[in-house]
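Trainee: I have a structure here, written as structure tokens, and I will follow up with some questions on it.
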Amino acid sequence: MNILTEAEKLSSQIIFWRRQLHQIPEIGLVLPQTAAFVKKCLDNMSISYQTYENHSGIVAVLGKNTGKTIGIRADMDGLRIQEDSDFEYKSSNKNMHACGHDAHTAILLGTAALLKKHEAELAGQVKLIFQPAEEGPGGAKVMIEDGVMENPHIDAMLALHTERRGYSQSVNSGDILFKYGNSSAADDQVNITIIGKSGHGSAPDLCIDPIAAATLVINNIQYIISREIDPFKPCVITFGSIKGGDGAENIIPDTVEIHGTIRNQDLQVRDFVMKRIEEIVKYVTKATRTDYEIEFLNGYPPTKNDDKMVDAVIASAKKILPGETLKIITDESMGGEDAGFFYQKAPGCFFRLYTPAAYTDNIVHPAHSSRFVLDDSQLYRGTALFVQSSLDYLNN
Ligand SMILES: [Zn+2]
Ligand SMILES: [Zn+2]
């Protein structure tokens, strides 16, 4: 039986795992219910694993202690979004799996089950990495600091993300998308506080207005994109949160807090943008008599694929999957992904599994939407490719 057929037989189990996880989304580094679920599944497969004190990461190693080691990583965390759906497996709490990490975890559990079955055929080791906090503050870096890349040393990396966006070529649900070069963008967070002086809205001359200053700061920062960056180098600056005042129309508040995300493909552009944001904040606040605090967080690097690893995974994919479902894409992604830290340490292939699905309103809502829906009937294909690629990598 080939690996795809075996994975397909596991499909309903993978869907079940994914839907169980979908009901218990947790955010950040500590995911008690999610980790308990993963550990229970591994226990049922008689797979031993390592856990950590300060976060919910779980690592299992399969195979024999000779030859090479390949790491496969799945992120496990959800988002602070209230799910707006009527599915019977919808979130049971105020968080949501709106990025597909429940699917990634289920795919890796399927991979664990199949690799356990084929353990005798592994000419080396497979390290399965269940990682928290991809959406922030970043679990990959923490797990690397905890030594996940060593003992045994990881020689190559695999990971995937489910996908739903449009591409310049036609793509269908279940397709596997490969990209040479960067698979994700550098992802940095900026937090800005504009500090003014509060008072009555009818007497702005007696106050220093941080709201008016904040609008100037945000607008001037957007000029970096349109006037200061090489138009052929993609960069995004999005402010997703601005807080000032408390609903009163006639009070000038003391402070405004602004949170933004900065995405770049080019690390020189990234450094330039960060420098210019800080300068604009400094001089616009000076011009408006406000004060400021600024901090840059996260700092996820781009996930840079290794050409040879991409070639190797495509060769493995061609053994088990129909050629027309394998696509090489050239479209850049401005999505962030902390797998980039793993890919700085070992050559790897990060691929995408195309699984868009419409909500009952017939709209395919984007990732991070409260109406995100995922076609989980295709997840077994991700499991199959992880397993076949691992067998081939270790045996060649
Ligand atoms: Zn996400
Ligand atoms: Zn994600």
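Residues are named by chain letter and number: chains run A, B, ... in the order of the structure tokens, numbers start at 1 in each chain, and ligands are numbered from 1 in the order shown.
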Could you tell me, counting only C-alpha atoms and all ligand atoms, which protein and nucleic acid residues lie no more than 10 Å from ligand 1, written as a PDB file with N, CA, C and O atoms, in the first residue's frame?
Mentor:
ATOM      1  N   ASP A  75       2.276  24.207  14.267  1.00  0.00           N
ATOM      2  CA  ASP A  75       1.879  25.179  15.287  1.00  0.00           C
ATOM      3  C   ASP A  75       0.511  24.780  15.839  1.00  0.00           C
ATOM      4  O   ASP A  75      -0.316  24.200  15.143  1.00  0.00           O
ATOM      5  N   ASP A  77      -1.469  26.939  18.188  1.00  0.00           N
ATOM      6  CA  ASP A  77      -2.229  27.997  18.876  1.00  0.00           C
ATOM      7  C   ASP A  77      -3.330  28.601  18.013  1.00  0.00           C
ATOM      8  O   ASP A  77      -3.285  28.570  16.795  1.00  0.00           O
ATOM      9  N   GLY A  78      -4.315  29.182  18.697  1.00  0.00           N
ATOM     10  CA  GLY A  78      -5.419  29.873  18.044  1.00  0.00           C
ATOM     11  C   GLY A  78      -5.283  31.379  18.189  1.00  0.00           C
ATOM     12  O   GLY A  78      -4.198  31.896  18.476  1.00  0.00           O
ATOM     13  N   LEU A  79      -6.399  32.072  17.971  1.00  0.00           N
ATOM     14  CA  LEU A  79      -6.400  33.543  17.967  1.00  0.00           C
ATOM     15  C   LEU A  79      -7.493  34.084  18.889  1.00  0.00           C
ATOM     16  O   LEU A  79      -8.502  33.421  19.133  1.00  0.00           O
ATOM     17  N   HIS A  97      -9.704  28.979  16.286  1.00  0.00           N
ATOM     18  CA  HIS A  97      -8.698  28.511  15.326  1.00  0.00           C
ATOM     19  C   HIS A  97      -9.090  29.095  13.968  1.00  0.00           C
ATOM     20  O   HIS A  97      -9.803  28.450  13.197  1.00  0.00           O
ATOM     21  N   ALA A  98      -8.650  30.310  13.696  1.00  0.00           N
ATOM     22  CA  ALA A  98      -9.017  31.006  12.458  1.00  0.00           C
ATOM     23  C   ALA A  98      -7.823  31.120  11.514  1.00  0.00           C
ATOM     24  O   ALA A  98      -7.832  31.918  10.590  1.00  0.00           O
ATOM     25  N   CYS A  99      -6.775  30.326  11.781  1.00  0.00           N
ATOM     26  CA  CYS A  99      -5.615  30.336  10.887  1.00  0.00           C
ATOM     27  C   CYS A  99      -5.298  28.914  10.412  1.00  0.00           C
ATOM     28  O   CYS A  99      -4.454  28.721   9.553  1.00  0.00           O
ATOM     29  N   GLY A 100      -5.987  27.930  10.993  1.00  0.00           N
ATOM     30  CA  GLY A 100      -5.771  26.544  10.544  1.00  0.00           C
ATOM     31  C   GLY A 100      -4.753  25.769  11.352  1.00  0.00           C
ATOM     32  O   GLY A 100      -4.368  24.658  10.980  1.00  0.00           O
ATOM     33  N   HIS A 101      -4.317  26.308  12.494  1.00  0.00           N
ATOM     34  CA  HIS A 101      -3.299  25.593  13.275  1.00  0.00           C
ATOM     35  C   HIS A 101      -3.862  24.305  13.891  1.00  0.00           C
ATOM     36  O   HIS A 101      -3.103  23.380  14.173  1.00  0.00           O
ATOM     37  N   GLU A 134       2.613  30.537  17.741  1.00  0.00           N
ATOM     38  CA  GLU A 134       3.064  31.064  16.438  1.00  0.00           C
ATOM     39  C   GLU A 134       2.508  32.463  16.217  1.00  0.00           C
ATOM     40  O   GLU A 134       3.176  33.326  15.659  1.00  0.00           O
ATOM     41  N   GLU A 135       1.264  32.673  16.654  1.00  0.00           N
ATOM     42  CA  GLU A 135       0.621  33.979  16.426  1.00  0.00           C
ATOM     43  C   GLU A 135       1.193  35.045  17.364  1.00  0.00           C
ATOM     44  O   GLU A 135       0.778  36.192  17.328  1.00  0.00           O
ATOM     45  N   GLY A 136       2.105  34.716  18.180  1.00  0.00           N
ATOM     46  CA  GLY A 136       2.733  35.617  19.117  1.00  0.00           C
ATOM     47  C   GLY A 136       2.590  35.077  20.520  1.00  0.00           C
ATOM     48  O   GLY A 136       1.608  34.398  20.809  1.00  0.00           O
ATOM     49  N   HIS A 161       1.629  25.160   5.878  1.00  0.00           N
ATOM     50  CA  HIS A 161       0.498  25.984   6.309  1.00  0.00           C
ATOM     51  C   HIS A 161      -0.646  25.736   5.344  1.00  0.00           C
ATOM     52  O   HIS A 161      -0.429  25.620   4.141  1.00  0.00           O
ATOM     53  N   GLY A 335       2.551  37.191   4.602  1.00  0.00           N
ATOM     54  CA  GLY A 335       2.231  36.552   5.877  1.00  0.00           C
ATOM     55  C   GLY A 335       3.493  36.362   6.708  1.00  0.00           C
ATOM     56  O   GLY A 335       4.577  36.179   6.160  1.00  0.00           O
ATOM     57  N   GLY A 336       3.342  36.417   8.019  1.00  0.00           N
ATOM     58  CA  GLY A 336       4.459  36.157   8.922  1.00  0.00           C
ATOM     59  C   GLY A 336       4.399  34.711   9.389  1.00  0.00           C
ATOM     60  O   GLY A 336       3.338  34.079   9.318  1.00  0.00           O
ATOM     61  N   GLU A 337       5.503  34.183   9.865  1.00  0.00           N
ATOM     62  CA  GLU A 337       5.539  32.760  10.229  1.00  0.00           C
ATOM     63  C   GLU A 337       6.806  32.549  11.046  1.00  0.00           C
ATOM     64  O   GLU A 337       7.908  32.755  10.530  1.00  0.00           O
ATOM     65  N   ALA A 367      -8.173  34.102   6.302  1.00  0.00           N
ATOM     66  CA  ALA A 367      -7.625  33.681   7.590  1.00  0.00           C
ATOM     67  C   ALA A 367      -7.777  34.841   8.576  1.00  0.00           C
ATOM     68  O   ALA A 367      -7.811  36.010   8.175  1.00  0.00           O
ATOM     69  N   HIS A 368      -7.875  34.532   9.850  1.00  0.00           N
ATOM     70  CA  HIS A 368      -8.050  35.507  10.930  1.00  0.00           C
ATOM     71  C   HIS A 368      -9.418  36.185  10.861  1.00  0.00           C
ATOM     72  O   HIS A 368      -9.617  37.265  11.415  1.00  0.00           O
ATOM     73  N   SER A 369     -10.377  35.546  10.158  1.00  0.00           N
ATOM     74  CA  SER A 369     -11.746  36.053  10.135  1.00  0.00           C
ATOM     75  C   SER A 369     -12.596  35.194  11.071  1.00  0.00           C
ATOM     76  O   SER A 369     -12.333  33.997  11.257  1.00  0.00           O
TER      77      SER A 369
END
Trainee: Write out as a list in words which residues come within 9 Å of Ile176 in chain A when counting only C-alpha atoms, dropping same-chain ones fewer than 2 positions away.
Mentor: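 The residues that qualify are Val171, Ser173, Gly174, Phe178, Ala317, Thr325, Leu326, Lys327, Ile328, Phe351, Arg352, Leu353, Tyr354, Arg381 and Gly382 of chain A.
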Trainee: With only C-alpha atoms as the atoms that count, which of A:Asn298, A:Thr360, A:Ser198, A:Asn219 lies nearest to Val284 in chain A?
Mentor: A:Asn219
Trainee: Name the residues of range 48-266 of chain A that fall into strand (DSSP E or B) according to DSSP on the backbone, using the chain letters and numbers of this document, as number ranges by chain.
Mentor: A: 50-51, 58-63, 69-75, 79, 96, 125-131, 156-163, 176-178, 182, 186-195, 197, 199-200, 208, 235-244, 251-252, 255-264
Trainee: Give the answer as one residue: which of A:Met96, A:Ile258, A:Cys207, A:Val313 has the shortest atom-to-atom distance to Val387 in chain A, using only C-alpha atoms?
Mentor: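 Closest to Val387 in chain A of all the choices is A:Val313.
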Trainee: For a test of reading the model, state the distance in Å between CA of Leu379 in chain A and CA of Lys304 in chain A, rounded to one decimal.
Mentor: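 Going from CA of Leu379 in chain A over to CA of Lys304 in chain A, I get 23.6 Å.
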Trainee: Restricting the calculation to only C-alpha atoms and all ligand atoms, which member of A:Ala103, A:Cys349, A:Leu385, A:Ile242 is positioned closest to ligand 2?
Mentor: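 Looking at the shortest contact to ligand 2, the residue is A:Ala103.
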Trainee: Excluding Leu216 in chain A and residues on its chain fewer than 2 positions from it, collect all residues at most 12 Å away from it, counting only C-alpha atoms, and give them as a count of residues only.
Mentor: 23
Trainee: From the set A:Thr355, A:Val269, A:Gly244, A:Leu321, which residue has the shortest atom-to-atom contact distance to Pro231 in chain A, counting only C-alpha atoms?
Mentor: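 Counting only C-alpha atoms, the residue closest to Pro231 in chain A is A:Val269.
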Trainee: Could you please determine the separation between CA of Lys141 in chain A and CA of Glu53 in chain A in Å, to one decimal place?
Mentor: 15.3 Å
Trainee: What is the distance between CA of Asn191 in chain A and CA of Ser370 in chain A, in Å to one decimal?
Mentor: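 It comes out at 24.4 Å.
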Trainee: List every residue of range 68-296 of chain A that DSSP, applied to the backbone of this structure, assigns to alpha helix (DSSP H), and report them as an mmCIF file with C-alpha atoms, in the first residue's frame.
Mentor:
data_model
loop_
_atom_site.group_PDB
_atom_site.id
_atom_site.type_symbol
_atom_site.label_atom_id
_atom_site.label_comp_id
_atom_site.auth_asym_id
_atom_site.auth_seq_id
_atom_site.Cartn_x
_atom_site.Cartn_y
_atom_site.Cartn_z
ATOM 1 C CA HIS A 101 -3.299 25.593 13.275
ATOM 2 C CA ASP A 102 -5.823 22.992 14.506
ATOM 3 C CA ALA A 103 -5.445 21.376 11.077
ATOM 4 C CA HIS A 104 -1.639 21.577 11.224
ATOM 5 C CA THR A 105 -1.638 19.827 14.615
ATOM 6 C CA ALA A 106 -4.029 17.124 13.327
ATOM 7 C CA ILE A 107 -1.848 16.606 10.223
ATOM 8 C CA LEU A 108 1.210 16.124 12.452
ATOM 9 C CA LEU A 109 -0.693 13.678 14.670
ATOM 10 C CA GLY A 110 -1.559 11.728 11.500
ATOM 11 C CA THR A 111 2.131 11.876 10.563
ATOM 12 C CA ALA A 112 3.039 10.484 13.994
ATOM 13 C CA ALA A 113 0.581 7.593 13.572
ATOM 14 C CA LEU A 114 1.894 6.634 10.117
ATOM 15 C CA LEU A 115 5.569 7.046 10.989
ATOM 16 C CA LYS A 116 5.076 4.881 14.080
ATOM 17 C CA LYS A 117 3.746 2.176 11.767
ATOM 18 C CA GLY A 139 7.088 29.685 20.282
ATOM 19 C CA ALA A 140 9.675 28.679 17.674
ATOM 20 C CA LYS A 141 12.388 30.893 19.117
ATOM 21 C CA VAL A 142 11.612 29.745 22.658
ATOM 22 C CA MET A 143 11.790 26.068 21.666
ATOM 23 C CA ILE A 144 15.084 26.629 19.832
ATOM 24 C CA GLU A 145 16.479 28.318 22.950
ATOM 25 C CA PRO A 210 -2.631 62.829 21.581
ATOM 26 C CA ILE A 211 -5.532 61.787 19.295
ATOM 27 C CA ALA A 212 -4.849 64.513 16.727
ATOM 28 C CA ALA A 213 -1.145 63.703 16.978
ATOM 29 C CA ALA A 214 -1.802 59.974 16.500
ATOM 30 C CA THR A 215 -3.631 60.574 13.207
ATOM 31 C CA LEU A 216 -0.626 62.542 11.927
ATOM 32 C CA VAL A 217 1.772 59.823 13.071
ATOM 33 C CA ILE A 218 -0.204 57.078 11.290
ATOM 34 C CA ASN A 219 -0.657 59.048 8.072
ATOM 35 C CA ASN A 220 2.985 60.110 7.904
ATOM 36 C CA ILE A 221 4.157 56.531 8.479
ATOM 37 C CA GLN A 222 2.096 55.405 5.450
ATOM 38 C CA TYR A 223 4.175 57.791 3.301
ATOM 39 C CA ILE A 224 7.148 55.466 3.904
ATOM 40 C CA ILE A 225 5.403 52.874 1.733
ATOM 41 C CA SER A 226 4.390 55.202 -1.090
ATOM 42 C CA ARG A 227 7.402 57.571 -1.170
ATOM 43 C CA GLU A 228 10.468 55.932 0.310
ATOM 44 C CA LEU A 267 15.914 42.611 5.417
ATOM 45 C CA GLN A 268 17.594 45.880 4.337
ATOM 46 C CA VAL A 269 14.197 47.415 3.581
ATOM 47 C CA ARG A 270 13.000 46.104 6.938
ATOM 48 C CA ASP A 271 15.806 47.884 8.820
ATOM 49 C CA PHE A 272 15.166 51.091 6.868
ATOM 50 C CA VAL A 273 11.406 51.002 7.593
ATOM 51 C CA MET A 274 11.934 50.486 11.331
ATOM 52 C CA LYS A 275 14.396 53.392 11.434
ATOM 53 C CA ARG A 276 11.997 55.668 9.530
ATOM 54 C CA ILE A 277 9.003 54.735 11.718
ATOM 55 C CA GLU A 278 10.977 55.707 14.795
ATOM 56 C CA GLU A 279 12.125 58.990 13.192
ATOM 57 C CA ILE A 280 8.611 59.917 12.072
ATOM 58 C CA VAL A 281 7.200 59.200 15.529
ATOM 59 C CA LYS A 282 9.986 61.258 17.095
ATOM 60 C CA TYR A 283 9.566 64.318 14.858
ATOM 61 C CA VAL A 284 5.755 64.295 14.505
ATOM 62 C CA THR A 285 5.362 64.108 18.276
ATOM 63 C CA LYS A 286 7.879 66.934 18.632
ATOM 64 C CA ALA A 287 5.874 69.009 16.125
#
Trainee: For Glu8 in chain A, work out the shell of residues within 10 Å, counting only C-alpha atoms and skipping chain neighbours fewer than 3 positions away, then give it as a ChimeraX atom specification.
Mentor: /A:3-5,11-14,377-381,383-384
Trainee: Between A:Ala133, A:Ile229, A:Ile320, A:Met157, which has the minimum distance to ligand 2 (counting only C-alpha atoms and all ligand atoms)?
Mentor: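 Of all the options, A:Ala133 lies closest to ligand 2.
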Trainee: Would you kindly return, as an mmCIF file with C-alpha atoms, in the first residue's frame, each protein, DNA or RNA residue with an atom no farther than 8 Å from any atom of Leu158 in chain A, considering only C-alpha atoms and excluding same-chain residues fewer than 3 positions away?
Mentor:
data_model
loop_
_atom_site.group_PDB
_atom_site.id
_atom_site.type_symbol
_atom_site.label_atom_id
_atom_site.label_comp_id
_atom_site.auth_asym_id
_atom_site.auth_seq_id
_atom_site.Cartn_x
_atom_site.Cartn_y
_atom_site.Cartn_z
ATOM 1 C CA ILE A 70 14.506 15.524 10.010
ATOM 2 C CA GLY A 71 12.272 17.874 12.026
ATOM 3 C CA ILE A 72 8.581 18.396 11.253
ATOM 4 C CA ARG A 73 6.856 21.281 12.972
ATOM 5 C CA GLY A 348 14.063 23.088 4.866
ATOM 6 C CA CYS A 349 10.961 23.089 2.724
ATOM 7 C CA PHE A 350 7.880 24.973 3.904
ATOM 8 C CA PHE A 386 5.292 14.660 5.483
#
Trainee: With only C-alpha atoms as the counted atoms, please give the residues lying no more than 9 Å from Ala312 in chain A, apart from itself and same-chain residues fewer than 6 positions off, as a list in words.
Mentor: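 The residues that qualify are Cys349, Ser389, Asp392 and Tyr393 of chain A.
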